[in-house]
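Just work_23.tsv here, TSV, C-alpha atoms:
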```
chain	number	residue	atom	x	y	z
A	229	MET	CA	42.27	1.39	0.93
A	230	ALA	CA	40.98	-1.75	2.43
A	231	THR	CA	39.32	-1.83	5.83
A	232	GLN	CA	37.86	-4.54	8.01
A	233	VAL	CA	34.14	-4.96	7.54
A	234	THR	CA	31.86	-6.96	9.80
A	235	LEU	CA	28.91	-8.66	8.14
A	236	LYS	CA	26.03	-10.21	10.06
A	237	ILE	CA	24.21	-12.49	7.65
A	238	LEU	CA	21.00	-14.42	8.27
A	239	ARG	CA	21.76	-18.02	7.32
A	240	TYR	CA	19.31	-20.81	6.69
A	241	ASP	CA	19.93	-24.21	5.18
A	242	PRO	CA	16.66	-26.15	4.90
A	243	GLU	CA	18.53	-29.48	5.10
A	244	LYS	CA	20.36	-28.65	8.32
A	245	ASP	CA	18.70	-25.78	10.15
A	246	LYS	CA	15.36	-25.70	11.88
A	247	LYS	CA	15.44	-21.93	12.15
A	248	ALA	CA	17.32	-19.16	10.45
A	249	HIS	CA	20.19	-17.74	12.50
A	250	PHE	CA	22.73	-14.95	12.19
A	251	GLU	CA	26.39	-15.60	11.48
A	252	THR	CA	29.11	-12.99	11.61
A	253	TYR	CA	31.91	-12.65	9.09
A	254	GLU	CA	34.94	-10.36	9.13
A	255	VAL	CA	36.29	-9.57	5.71
A	256	GLU	CA	38.53	-7.00	4.11
A	257	ALA	CA	36.77	-4.54	1.85
A	258	ASP	CA	37.20	-1.15	0.26
A	259	PRO	CA	34.76	1.58	1.35
A	260	LEU	CA	33.83	1.86	-2.33
A	261	ASP	CA	33.10	-1.86	-2.68
A	262	ARG	CA	29.48	-2.79	-3.15
A	263	ILE	CA	27.72	-5.06	-0.66
A	264	LEU	CA	27.58	-7.63	-3.45
A	265	ASP	CA	31.41	-7.57	-3.66
A	266	VAL	CA	31.62	-8.17	0.07
A	267	LEU	CA	29.18	-11.09	-0.20
A	268	ASN	CA	31.31	-12.47	-3.03
A	269	THR	CA	34.41	-12.20	-0.81
A	270	VAL	CA	32.61	-14.18	1.90
A	271	LYS	CA	31.43	-16.82	-0.58
A	272	TRP	CA	34.73	-17.17	-2.44
A	273	TYR	CA	37.18	-17.03	0.47
A	274	LYS	CA	35.33	-17.71	3.74
A	275	ASP	CA	32.23	-19.85	3.36
A	276	GLY	CA	31.30	-21.32	-0.01
A	277	SER	CA	27.91	-22.45	1.27
A	278	LEU	CA	26.58	-18.89	1.44
A	279	THR	CA	23.78	-18.66	-1.11
A	280	TYR	CA	22.35	-15.55	-2.77
A	281	ARG	CA	21.04	-14.52	-6.18
A	282	ARG	CA	23.04	-12.32	-8.47
A	283	SER	CA	23.20	-11.94	-12.20
A	284	CYS	CA	24.10	-8.68	-13.87
A	285	ALA	CA	25.55	-7.08	-10.74
A	286	HIS	CA	24.79	-3.61	-12.12
A	287	GLY	CA	21.31	-2.81	-10.85
A	288	VAL	CA	19.48	-3.90	-13.98
A	289	CYS	CA	18.37	-7.50	-13.53
A	290	GLY	CA	16.92	-7.12	-10.04
A	291	SER	CA	18.16	-10.47	-8.72
A	292	ASP	CA	19.95	-9.35	-5.58
A	293	ALA	CA	17.28	-7.47	-3.67
A	294	MET	CA	17.82	-8.11	0.05
A	295	ARG	CA	17.40	-6.49	3.42
A	296	ILE	CA	20.52	-4.48	4.23
A	297	ASN	CA	20.50	-2.88	7.68
A	298	GLY	CA	16.74	-3.29	7.77
A	299	ARG	CA	16.00	-1.71	4.40
A	300	ASN	CA	15.38	-3.44	1.11
A	301	ARG	CA	18.18	-2.63	-1.32
A	302	LEU	CA	19.95	-4.13	-4.29
A	303	ALA	CA	23.26	-5.47	-2.96
A	304	CYS	CA	24.91	-4.30	-6.19
A	305	LYS	CA	23.82	-0.69	-5.69
A	306	VAL	CA	24.84	-0.13	-2.06
A	307	LEU	CA	28.44	0.70	-1.21
A	308	VAL	CA	30.15	-0.33	2.01
A	309	ARG	CA	30.57	3.32	2.87
A	310	ASP	CA	26.83	4.04	2.29
A	311	VAL	CA	25.96	1.83	5.27
A	312	GLY	CA	28.92	2.85	7.41
A	313	GLY	CA	30.73	-0.47	7.03
A	314	ASP	CA	34.10	1.28	6.78
A	315	THR	CA	33.64	3.05	10.12
A	316	GLY	CA	33.32	-0.21	12.03
A	317	LYS	CA	29.53	-0.52	11.94
A	318	LYS	CA	28.15	-4.01	11.48
A	319	ILE	CA	26.31	-4.54	8.23
A	320	GLN	CA	23.26	-6.72	8.74
A	321	ILE	CA	22.08	-8.67	5.73
A	322	GLU	CA	18.85	-10.66	5.64
A	323	PRO	CA	16.58	-12.06	2.96
A	324	MET	CA	13.56	-9.87	2.19
A	325	LEU	CA	10.60	-10.14	4.54
A	326	GLY	CA	7.25	-11.32	3.24
A	327	PHE	CA	8.72	-14.15	1.18
A	328	LYS	CA	9.43	-17.76	2.07
A	329	ILE	CA	13.17	-18.27	2.57
A	330	LEU	CA	14.47	-21.07	0.36
A	331	ARG	CA	18.07	-20.87	1.50
A	332	ASP	CA	20.17	-18.09	3.06
A	333	LEU	CA	19.35	-14.92	1.09
A	334	VAL	CA	17.35	-16.70	-1.63
A	335	VAL	CA	13.60	-16.30	-1.30
A	336	ASP	CA	10.71	-17.92	-3.15
A	337	MET	CA	9.63	-15.38	-5.77
A	338	ASP	CA	6.91	-17.61	-7.34
A	339	PRO	CA	3.93	-16.03	-5.53
A	340	PHE	CA	5.36	-12.63	-6.42
A	341	PHE	CA	5.37	-13.42	-10.13
A	342	GLU	CA	1.93	-15.03	-9.93
A	343	LYS	CA	0.60	-11.73	-8.60
A	344	TYR	CA	2.49	-9.87	-11.31
A	345	LYS	CA	0.86	-12.05	-13.99
A	346	SER	CA	-2.59	-11.57	-12.49
A	347	ILE	CA	-2.74	-7.90	-13.52
A	348	LYS	CA	-2.18	-8.77	-17.22
A	349	PRO	CA	1.21	-7.13	-17.69
A	350	TYR	CA	1.02	-6.95	-21.48
A	351	LEU	CA	-0.52	-4.62	-24.03
A	352	ILE	CA	-4.22	-5.25	-24.55
A	353	ASN	CA	-5.61	-3.71	-27.70
A	354	TYR	CA	-8.62	-5.16	-29.47
A	355	GLU	CA	-8.06	-3.23	-32.68
A	356	ASP	CA	-5.60	-4.37	-35.29
A	357	ALA	CA	-2.37	-2.46	-35.40
A	358	PRO	CA	-2.13	-0.11	-38.38
A	359	ALA	CA	-0.62	-2.07	-41.25
A	360	SER	CA	1.73	0.63	-42.34
A	361	SER	CA	3.06	1.81	-39.01
A	362	GLU	CA	3.33	1.09	-35.33
A	363	ARG	CA	0.81	2.14	-32.74
A	364	LEU	CA	1.93	5.71	-32.32
A	365	GLN	CA	1.86	7.69	-29.14
A	366	SER	CA	2.62	11.31	-28.39
A	367	ALA	CA	5.56	12.18	-26.18
A	368	GLU	CA	3.12	13.64	-23.65
A	369	ASP	CA	1.10	10.43	-23.50
A	370	ARG	CA	4.30	8.45	-23.02
A	371	GLU	CA	5.41	10.77	-20.24
A	372	ILE	CA	2.37	9.92	-18.10
A	373	PHE	CA	3.48	6.37	-17.24
A	374	ASP	CA	7.21	6.91	-17.70
A	375	GLU	CA	8.15	6.27	-14.07
A	376	THR	CA	6.43	2.89	-13.84
A	377	THR	CA	8.15	1.56	-16.98
A	378	LYS	CA	11.37	1.51	-14.98
A	379	CYS	CA	10.41	-1.47	-12.81
A	380	ILE	CA	12.89	-4.37	-12.86
A	381	LEU	CA	10.72	-6.70	-10.75
A	382	CYS	CA	13.31	-7.09	-8.02
A	383	GLY	CA	10.59	-7.31	-5.37
A	384	ALA	CA	12.20	-4.75	-3.04
A	385	CYS	CA	8.95	-2.77	-2.80
A	386	SER	CA	6.66	-5.71	-2.07
A	387	GLY	CA	9.17	-7.14	0.39
A	388	SER	CA	9.23	-3.85	2.31
A	389	CYS	CA	5.45	-3.49	2.52
A	390	PRO	CA	3.87	-4.22	5.95
A	391	PRO	CA	0.47	-5.20	4.49
A	392	TYR	CA	2.37	-7.58	2.18
A	393	TRP	CA	4.14	-9.14	5.17
A	394	SER	CA	0.92	-9.68	7.08
A	395	ASN	CA	-1.32	-10.73	4.21
A	396	GLN	CA	-0.01	-13.19	1.66
A	397	ASP	CA	-2.98	-12.58	-0.60
A	398	PHE	CA	-2.26	-8.87	-1.03
A	399	ILE	CA	-1.21	-8.26	-4.62
A	400	GLY	CA	1.64	-6.00	-3.54
A	401	PRO	CA	3.16	-2.76	-4.82
A	402	ALA	CA	5.23	-4.35	-7.62
A	403	ALA	CA	2.18	-5.76	-9.38
A	404	ILE	CA	0.34	-2.45	-8.94
A	405	VAL	CA	3.25	-0.53	-10.44
A	406	ASN	CA	3.19	-2.78	-13.49
A	407	ALA	CA	-0.57	-2.41	-13.78
A	408	HIS	CA	-0.09	1.37	-13.67
A	409	ARG	CA	2.32	1.09	-16.56
A	410	PHE	CA	-0.48	-0.26	-18.79
A	411	ILE	CA	-3.53	1.41	-17.25
A	412	PHE	CA	-2.23	4.86	-18.18
A	413	ASP	CA	-0.88	3.84	-21.59
A	414	SER	CA	-2.93	5.53	-24.34
A	415	ARG	CA	-2.38	2.50	-26.61
A	416	ASP	CA	-3.83	0.05	-24.13
A	417	GLN	CA	-7.51	-0.92	-23.91
A	418	GLY	CA	-7.35	-3.17	-20.86
A	419	SER	CA	-7.60	-0.47	-18.20
A	420	ASP	CA	-11.04	-1.49	-17.05
A	421	GLU	CA	-10.07	-5.14	-16.71
A	422	ARG	CA	-7.02	-4.23	-14.64
A	423	LEU	CA	-8.89	-1.70	-12.51
A	424	ALA	CA	-11.52	-4.37	-11.80
A	425	ILE	CA	-8.78	-6.75	-10.62
A	426	LEU	CA	-7.10	-4.09	-8.50
A	427	GLY	CA	-10.40	-2.86	-7.06
A	428	GLN	CA	-11.02	-6.15	-5.32
A	429	GLY	CA	-10.33	-6.70	-1.64
A	430	GLU	CA	-6.71	-7.78	-2.09
A	431	GLY	CA	-5.86	-5.04	-4.59
A	432	VAL	CA	-4.90	-1.39	-4.22
A	433	PHE	CA	-7.13	-0.83	-1.19
A	434	ARG	CA	-4.91	-3.01	1.01
A	435	CYS	CA	-2.24	-0.30	0.67
A	436	ARG	CA	-1.82	1.66	3.91
A	437	THR	CA	0.37	4.40	2.40
A	438	VAL	CA	3.39	3.39	4.48
A	439	TYR	CA	5.80	4.66	1.78
A	440	ASN	CA	8.27	1.81	2.47
A	441	CYS	CA	7.97	0.82	-1.19
A	442	THR	CA	8.98	4.27	-2.38
A	443	ASP	CA	11.99	4.14	-0.05
A	444	ALA	CA	12.95	0.64	-1.19
A	445	CYS	CA	12.68	1.06	-4.95
A	446	PRO	CA	16.19	0.91	-6.47
A	447	ARG	CA	14.86	2.61	-9.61
A	448	ASP	CA	13.36	5.55	-7.69
A	449	ILE	CA	9.85	4.83	-8.90
A	450	PRO	CA	7.33	6.84	-6.83
A	451	VAL	CA	5.44	3.64	-6.02
A	452	THR	CA	3.02	5.02	-3.46
A	453	LYS	CA	2.12	7.86	-5.82
A	454	ALA	CA	1.38	5.35	-8.57
A	455	ILE	CA	-0.92	3.41	-6.24
A	456	GLU	CA	-2.68	6.64	-5.27
A	457	GLN	CA	-3.17	7.55	-8.94
A	458	ILE	CA	-4.82	4.19	-9.58
A	459	ARG	CA	-7.18	4.68	-6.64
A	460	ARG	CA	-8.09	8.14	-7.85
A	461	ALA	CA	-8.60	6.76	-11.36
A	462	MET	CA	-11.09	4.26	-9.91
A	463	LEU	CA	-12.90	7.01	-8.09
A	464	TYR	CA	-13.14	9.42	-11.00
A	465	ASN	CA	-13.76	6.88	-13.76
A	466	ARG	CA	-16.42	4.78	-12.14
B	61	MET	CA	3.74	8.36	-43.34
B	62	SER	CA	0.25	7.27	-42.51
B	63	THR	CA	-0.79	7.70	-38.95
B	64	GLU	CA	-3.90	5.68	-38.39
B	65	THR	CA	-3.32	5.70	-34.69
B	66	LYS	CA	-4.60	8.79	-33.02
B	67	THR	CA	-2.10	10.56	-30.89
B	68	THR	CA	-3.72	13.25	-28.88
B	69	GLN	CA	-2.11	16.62	-28.49
B	70	HIS	CA	-2.64	18.09	-25.07
B	71	GLN	CA	-0.91	19.91	-22.31
B	72	PRO	CA	0.51	17.64	-19.57
B	73	ALA	CA	-2.58	16.73	-17.63
B	74	ASP	CA	-3.51	14.90	-14.51
B	75	PRO	CA	-2.69	11.28	-15.39
B	76	VAL	CA	-5.76	10.07	-13.58
B	77	LYS	CA	-8.00	11.77	-16.11
B	78	LYS	CA	-5.96	10.34	-18.97
B	79	ILE	CA	-7.27	6.81	-18.74
B	80	ASN	CA	-8.03	5.36	-22.09
B	81	ARG	CA	-11.65	4.47	-21.87
B	82	ARG	CA	-12.63	2.23	-24.73
B	83	TRP	CA	-14.89	-0.74	-25.02
B	84	THR	CA	-14.01	-4.33	-24.57
B	85	ARG	CA	-14.51	-6.93	-27.25
B	86	SER	CA	-17.74	-8.11	-25.67
B	87	GLY	CA	-19.15	-4.65	-26.23
B	88	GLY	CA	-19.63	-3.57	-22.66
B	89	ARG	CA	-17.38	-1.97	-20.16
B	90	PRO	CA	-16.60	-4.50	-17.42
B	91	ARG	CA	-18.00	-3.27	-14.16
B	92	PRO	CA	-15.87	-3.73	-11.09
B	93	SER	CA	-17.34	-6.66	-9.21
B	94	SER	CA	-17.91	-4.46	-6.21
B	95	ASN	CA	-17.23	-0.86	-5.40
B	96	PHE	CA	-17.30	-1.49	-1.68
B	97	GLU	CA	-13.54	-1.23	-1.12
B	98	LEU	CA	-13.42	1.95	-3.18
B	99	PHE	CA	-16.31	3.42	-1.23
B	100	SER	CA	-14.75	2.40	2.07
B	101	TRP	CA	-11.45	4.03	1.13
B	102	TYR	CA	-13.14	7.23	-0.04
B	103	PHE	CA	-15.33	7.34	3.04
B	104	PHE	CA	-12.19	7.15	5.19
B	105	ARG	CA	-10.83	10.33	3.59
B	106	ILE	CA	-14.11	12.26	3.82
B	107	SER	CA	-15.00	11.18	7.37
B	108	GLY	CA	-11.41	11.82	8.47
B	109	VAL	CA	-11.52	15.42	7.29
B	110	LEU	CA	-14.98	15.96	8.79
B	111	LEU	CA	-13.94	14.39	12.10
B	112	LEU	CA	-11.00	16.73	12.30
B	113	PHE	CA	-13.52	19.54	12.58
B	114	PHE	CA	-16.23	17.76	14.59
B	115	ALA	CA	-13.99	16.01	17.11
B	116	LEU	CA	-11.71	18.98	17.72
B	117	LEU	CA	-14.63	21.35	18.28
B	118	HIS	CA	-16.21	18.77	20.59
B	119	LEU	CA	-12.96	18.52	22.52
B	120	LEU	CA	-12.66	22.28	22.69
B	121	ILE	CA	-16.16	22.80	24.07
B	122	MET	CA	-16.43	19.79	26.37
B	123	HIS	CA	-12.93	19.69	27.80
B	124	LEU	CA	-11.06	22.92	27.29
B	125	ILE	CA	-13.56	25.76	27.50
B	126	ASN	CA	-15.80	23.97	30.02
B	127	ASN	CA	-13.98	22.03	32.68
B	128	VAL	CA	-15.22	18.50	33.42
B	129	ASP	CA	-16.72	19.54	36.78
B	130	VAL	CA	-19.06	22.06	35.11
B	131	ILE	CA	-20.43	19.42	32.80
B	132	THR	CA	-23.51	18.27	34.66
B	133	TYR	CA	-26.93	17.00	33.70
B	134	GLN	CA	-27.99	20.63	33.61
B	135	PHE	CA	-25.26	21.48	31.13
B	136	ILE	CA	-26.17	18.65	28.78
B	137	ALA	CA	-29.88	19.35	29.10
B	138	GLU	CA	-29.37	22.97	28.12
B	139	ARG	CA	-27.11	21.99	25.30
B	140	TRP	CA	-29.50	19.42	23.89
B	141	ALA	CA	-32.42	21.80	24.15
B	142	SER	CA	-31.20	23.04	20.79
B	143	PRO	CA	-31.68	20.72	17.80
B	144	LEU	CA	-28.45	22.09	16.39
B	145	TRP	CA	-26.34	20.45	19.07
B	146	ARG	CA	-28.30	17.24	18.82
B	147	THR	CA	-27.58	17.10	15.12
B	148	TYR	CA	-23.95	17.91	15.82
B	149	ASP	CA	-23.62	15.12	18.36
B	150	LEU	CA	-25.49	12.67	16.16
B	151	LEU	CA	-23.16	13.43	13.26
B	152	LEU	CA	-20.14	13.10	15.53
B	153	LEU	CA	-21.44	9.74	16.78
B	154	VAL	CA	-22.13	8.35	13.31
B	155	LEU	CA	-18.89	9.62	11.79
B	156	ALA	CA	-16.61	8.58	14.64
B	157	LEU	CA	-18.23	5.17	14.98
B	158	THR	CA	-18.26	4.32	11.27
B	159	HIS	CA	-14.73	5.68	10.77
B	160	GLY	CA	-13.50	3.57	13.67
B	161	LEU	CA	-15.45	0.48	12.58
B	162	ASN	CA	-14.02	0.81	9.09
B	163	GLY	CA	-10.52	0.95	10.56
B	164	VAL	CA	-11.06	-2.18	12.64
B	165	ARG	CA	-12.58	-3.92	9.60
B	166	VAL	CA	-9.42	-3.15	7.66
B	167	LEU	CA	-7.26	-4.45	10.51
B	168	ILE	CA	-9.27	-7.67	10.61
B	169	TYR	CA	-8.74	-8.18	6.87
B	170	ASP	CA	-5.03	-7.49	7.31
B	171	TYR	CA	-4.39	-9.83	10.20
B	172	ILE	CA	-7.08	-12.52	10.36
B	173	HIS	CA	-6.74	-14.86	7.40
B	174	ALA	CA	-8.69	-17.95	8.44
B	175	ARG	CA	-12.10	-17.67	6.82
B	176	GLY	CA	-14.06	-18.79	9.86
B	177	TRP	CA	-12.31	-16.49	12.29
B	178	ARG	CA	-12.56	-13.60	9.85
B	179	THR	CA	-16.31	-14.06	9.43
B	180	PHE	CA	-16.64	-14.34	13.20
B	181	ALA	CA	-14.62	-11.17	13.85
B	182	ILE	CA	-16.49	-9.19	11.21
B	183	SER	CA	-19.85	-10.38	12.57
B	184	VAL	CA	-18.91	-9.35	16.10
B	185	LEU	CA	-17.65	-6.01	14.82
B	186	TYR	CA	-20.84	-5.21	12.89
B	187	THR	CA	-23.08	-6.39	15.75
B	188	VAL	CA	-21.28	-4.28	18.33
B	189	GLY	CA	-21.10	-1.33	15.91
B	190	ILE	CA	-24.81	-1.35	15.09
B	191	LEU	CA	-25.66	-1.81	18.77
B	192	PHE	CA	-23.57	1.21	19.80
B	193	LEU	CA	-24.97	3.24	16.94
B	194	LEU	CA	-28.54	2.46	17.97
B	195	LEU	CA	-27.88	3.08	21.68
B	196	GLY	CA	-26.15	6.40	21.02
B	197	ALA	CA	-28.76	7.54	18.52
B	198	GLN	CA	-31.55	6.59	20.88
B	199	VAL	CA	-30.10	8.74	23.67
B	200	ILE	CA	-29.48	11.72	21.42
B	201	LEU	CA	-32.84	11.57	19.68
B	202	THR	CA	-35.19	10.71	22.54
B	203	PHE	CA	-33.60	12.64	25.40
B	204	GLN	CA	-36.17	14.87	27.15
B	205	PRO	CA	-34.57	17.75	29.02
B	206	GLN	CA	-36.17	18.15	32.45
B	207	LEU	CA	-34.56	21.35	33.57
B	208	GLN	CA	-36.91	22.15	36.40
B	209	ASN	CA	-36.50	18.77	38.10
B	210	VAL	CA	-32.80	19.11	38.60
B	211	ALA	CA	-31.74	20.88	41.72
B	212	PRO	CA	-28.37	22.54	41.32
B	213	LYS	CA	-25.77	21.28	43.77
```
Please rewrite the model in this file as structure tokens.
Amino acid sequence: MATQVTLKILRYDPEKDKKAHFETYEVEADPLDRILDVLNTVKWYKDGSLTYRRSCAHGVCGSDAMRINGRNRLACKVLVRDVGGDTGKKIQIEPMLGFKILRDLVVDMDPFFEKYKSIKPYLINYEDAPASSERLQSAEDREIFDETTKCILCGACSGSCPPYWSNQDFIGPAAIVNAHRFIFDSRDQGSDERLAILGQGEGVFRCRTVYNCTDACPRDIPVTKAIEQIRRAMLYNR
Amino acid sequence: MSTETKTTQHQPADPVKKINRRWTRSGGRPRPSSNFELFSWYFFRISGVLLLFFALLHLLIMHLINNVDVITYQFIAERWASPLWRTYDLLLLVLALTHGLNGVRVLIYDYIHARGWRTFAISVLYTVGILFLLLGAQVILTFQPQLQNVAPK
């Protein structure tokens, strides 16, 4: 059953606009449509110049993280009815804060991935792998970092983090989550290197425990808890 | 099947204790370049918990049990006649000041990004902090109660 939905989208075209500004669109949508479907309707039938990232459209690739009614969400995982769009409420859509806007809802993710790379997001093991088998790990050891393996690098956590907004050097929750994934891996030997990186001024100690990241994560990773575990690991393993 | 890799059997433990501590290729464990941020963070927790006790008790005694108009020179002189209260007030001063300074330091690092201005702000902060610490400590430590000289109103 289609209803009228009002979208308020922050638009910015670097070739035309000096400043980003809101534009309002009225489109028909089903309460069970996802915000991404509504954006598609706008792009395909109302204004083809609207620009946003999308790829898999099923909450796996992490391309379409954006600010929906003030909270970072994946547009493909939020339904119109979740944000009250079917009851006449305006749905406000903005690019994520803390990133440079390239155009409309597309932000510059390069600094984000630089920070991600800086924590060495790969297995470090200085011993040769056993010739006859893989590096084995018990189910219990795997369980310890299970939550942080779920990250899809959408940037919703970092883009919701007030210290990240105010300080462009802060490494951000996403990079910390991915460091956690290796720091607590029994097969990995790079914990000390990563802890040394995260222990610096722009690492885990810039976190102010705001919990926005935990709210924003589309994969329900307990981000703040992961950060806290890293800080405690530094304290107890000095 | 050969299992050269050791998989440890254990009950689900605190993940923090489960860090794999092995040696790097160079032979030594890399030391964090500085533990200052870690110390500062830990100090925040400890001083916060202590201040909860110190500041609340201070508030209770100085503002709730004794009204402001009873707190005179006489009152303070009697209070500071005991080294216990001097120690208490000194601890309160040091904890509250360092906890607050640490908070402002963190704010400066969050919001002032230009190197020059940051250095300036931090310098001012430390100067003012040390000055207040010295002034407060001087009063608490060198105060001589002169009970007999004070005529009650």
* Residues of chain A near chain B: apply a cut-off of 6 Å, count only C-alpha atoms, and supply the list as a PyMOL selection string. => chain A and resi 363-366+372+395+412+414+424+457+461
Using C-alpha atoms, can you export the residues from the last selection as a compact mmCIF listing (two decimals), keeping the file's coordinate frame?
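Output file part-v1.txt is given in full below:
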```txt
# COMPACT_ATOMS: atom_id res chain seq x y z
CA ARG A 363 0.81 2.14 -32.74
CA LEU A 364 1.93 5.71 -32.32
CA GLN A 365 1.86 7.69 -29.14
CA SER A 366 2.62 11.31 -28.39
CA ILE A 372 2.37 9.92 -18.10
CA ASN A 395 -1.32 -10.73 4.21
CA PHE A 412 -2.23 4.86 -18.18
CA SER A 414 -2.93 5.53 -24.34
CA ALA A 424 -11.52 -4.37 -11.80
CA GLN A 457 -3.17 7.55 -8.94
CA ALA A 461 -8.60 6.76 -11.36
```
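For the residues B:Gln206, B:Leu152, B:Leu157, B:Tyr186, ranking by smallest atom-to-atom distance to B:Gln134 using all atoms listed in the file places B:Gln206 first.
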* To do: Excluding B:Gly108 and any residue of its chain fewer than 4 positions from it, enumerate the residues within 8 Å of it, using all atoms listed in the file, and give them as a PyMOL selection string.
  => chain B and resi 104+112+159
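For the pair atom CA of B:Asn126 and atom CA of B:Leu153, the separation is 20.2 Å.
Across the structure, atom CA of A:Leu278 and atom CA of A:Arg331 are spaced 8.7 Å apart.
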* To do: Can you work out the spacing between atom CA of A:Tyr240 and atom CA of A:Met337 in Å, to one decimal?
  => 16.7 Å
* Asked: Using only C-alpha atoms, which residues sit within 10 Å of A:His286 once same-chain residues fewer than 6 positions away are excluded, as a list in words?
  -> Leu264, Asp292, Leu302, Ala303, Cys304 and Lys305 of chain A
* **Selection: 9 Å around stretch 340-356 of chain A, all atoms listed in the file, excl. self and same-chain fewer than 2 positions, as a ChimeraX atom specification** => /A:327,336-338,358-359,381,383,386,397-400,402-404,406-407,409-410,413,415-419,421-423,425-426 /B:83-85
For the residues in the current selection, export C-alpha atoms as an mmCIF file, in the frame of the given file.
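Output file again35.cif is given in full below:
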```cif
data_model
loop_
_atom_site.group_PDB
_atom_site.id
_atom_site.type_symbol
_atom_site.label_atom_id
_atom_site.label_comp_id
_atom_site.auth_asym_id
_atom_site.auth_seq_id
_atom_site.Cartn_x
_atom_site.Cartn_y
_atom_site.Cartn_z
ATOM 1 C CA PHE A 327 8.720 -14.150 1.180
ATOM 2 C CA ASP A 336 10.710 -17.920 -3.150
ATOM 3 C CA MET A 337 9.630 -15.380 -5.770
ATOM 4 C CA ASP A 338 6.910 -17.610 -7.340
ATOM 5 C CA PRO A 358 -2.130 -0.110 -38.380
ATOM 6 C CA ALA A 359 -0.620 -2.070 -41.250
ATOM 7 C CA LEU A 381 10.720 -6.700 -10.750
ATOM 8 C CA GLY A 383 10.590 -7.310 -5.370
ATOM 9 C CA SER A 386 6.660 -5.710 -2.070
ATOM 10 C CA ASP A 397 -2.980 -12.580 -0.600
ATOM 11 C CA PHE A 398 -2.260 -8.870 -1.030
ATOM 12 C CA ILE A 399 -1.210 -8.260 -4.620
ATOM 13 C CA GLY A 400 1.640 -6.000 -3.540
ATOM 14 C CA ALA A 402 5.230 -4.350 -7.620
ATOM 15 C CA ALA A 403 2.180 -5.760 -9.380
ATOM 16 C CA ILE A 404 0.340 -2.450 -8.940
ATOM 17 C CA ASN A 406 3.190 -2.780 -13.490
ATOM 18 C CA ALA A 407 -0.570 -2.410 -13.780
ATOM 19 C CA ARG A 409 2.320 1.090 -16.560
ATOM 20 C CA PHE A 410 -0.480 -0.260 -18.790
ATOM 21 C CA ASP A 413 -0.880 3.840 -21.590
ATOM 22 C CA ARG A 415 -2.380 2.500 -26.610
ATOM 23 C CA ASP A 416 -3.830 0.050 -24.130
ATOM 24 C CA GLN A 417 -7.510 -0.920 -23.910
ATOM 25 C CA GLY A 418 -7.350 -3.170 -20.860
ATOM 26 C CA SER A 419 -7.600 -0.470 -18.200
ATOM 27 C CA GLU A 421 -10.070 -5.140 -16.710
ATOM 28 C CA ARG A 422 -7.020 -4.230 -14.640
ATOM 29 C CA LEU A 423 -8.890 -1.700 -12.510
ATOM 30 C CA ILE A 425 -8.780 -6.750 -10.620
ATOM 31 C CA LEU A 426 -7.100 -4.090 -8.500
ATOM 32 C CA TRP B 83 -14.890 -0.740 -25.020
ATOM 33 C CA THR B 84 -14.010 -4.330 -24.570
ATOM 34 C CA ARG B 85 -14.510 -6.930 -27.250
#
```
* B:Thr158 environment, 12 Å, only C-alpha atoms, sequence neighbours closer than 2 positions dropped, as a ChimeraX atom specification -> /B:100,103-104,106-108,111,151-156,160-165,185-186,188-190,192-193
